[in-house]
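*Asks:* Take this structure first; my questions come after.
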Amino acid sequence: MAQIVRGEYDRSKRLEVLTEADQERRNAIEATQSAIANQTEIADNRRDFLTIVVSFFGGLLTLATLYPVVRFILPPPKQKKEESSLVVGKTSDVPPNSGKIVVFNGQKLLVTNVGGEYKAISAVCTHLQCIVQWKKDEQLVWCACHNAKYSTDGEKISGPQPSGLGKFNIKVQDDNLVISKA
Ligand code: FES
């Protein structure tokens with residue numbers, strides 16, 4: 001390499017210095033760009049999350065607004081017509097000294113036959129709504145849940161129940177058991 005005399009300009013060294021400075025500057029720029037890219041990604045993620053949250057609550061608000069409108073427009077569901085009297089079975093279904101659960105207008109009833117006399121009462125215990133049954137050995141209506149006892153007329157005999165069971169009319173027509181409201 002040629003010796004440099006005083007005052008002579010070393011072009012190659014100058015280039016080297018410039019190259020190092022350029023490299024540092026380039027590194028700094030790349031670091032800044034990378035940081036900006038990270039920030040942008042975080043901002044995008046935050047924006048996506050906020051979009052989902054806003055859409056969700058917007059959907060809920062729309063549903064809450066539309067629901068009463070739709071309920072108002074649509075006709076109410078038809079009430080099933082209640083029958084005043086219904087055949088619930090044959091006399092042979094309830095032999096003497098027994099009881100049977102039947103359904104009358106969607107309600108569960110207990111039909112009992114004591115000595116050929118049929119009676120119909122609600123089968124839903126007035127304590128906590130268990131279904132009662134005929135207790136043959138004691139000749140009464142019994143709720144097994146908490147030992148409530150009723151007469152065949154539905155009157156309270158003993159137990160935790162607050163009141164008796166509702167009564168229904170029952171009659172025999174051509175061997176059919178016909179129940180109607182009392
Ligand atoms: S539900 Fe019948 S006694 Fe409690």
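Just so we're on the same page: first chain in the structure tokens is A, next is B, and so on; residues restart at 1 for each chain, and ligands are numbered from 1 in the order they show up.
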Could you pull out the residues sitting within 10 Å of ligand 1, using only C-alpha atoms and all ligand atoms, and write them as a list in words?
*Replies:*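 Selection of residues at most 10 Å from ligand 1: Ala123, Val124, Cys125, Thr126, His127, Leu128, Gln129, Cys130, Ile131, Val132, Trp142, Cys143, Ala144, Cys145, His146, Asn147, Ala148, Lys149, Ser158, Gly159, Pro160, Gln161 and Pro162 of chain A.
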*Asks:* Quick one: residues within 10 Å of Val103 (chain A), only C-alpha atoms, excluding same-chain residues fewer than 3 positions away - as a ChimeraX atom specification?
*Replies:* /A:86-89,106-110,122-123,179
*Asks:* I want to know what sits within 12 Å of Leu177 (chain A), based on only C-alpha atoms, with residues of the same chain fewer than 4 positions away left out; could you give that as a PyMOL selection string?
*Replies:* chain A and resi 85-94+100+102-104+111-113+117-120+169-173
*Asks:* Using DSSP assignments from the backbone, pull out every residue in region 31-144 of chain A that falls under strand (DSSP E or B) and give it to me as number ranges by chain.
*Replies:* A: 85-90, 98-104, 107-114, 117-122, 124, 131, 133-135, 140-143
*Asks:* Chain A: which residues are alpha helix (DSSP H) by DSSP, as a PyMOL selection string?
*Replies:* chain A and resi 11-73
*Asks:* Please, what distance in Å, to one decimal, runs between CA of Ser151 (chain A) and CA of Gly166 (chain A)?
*Replies:*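 So the two atoms, CA of Ser151 (chain A) and CA of Gly166 (chain A), lie 11.5 Å apart.
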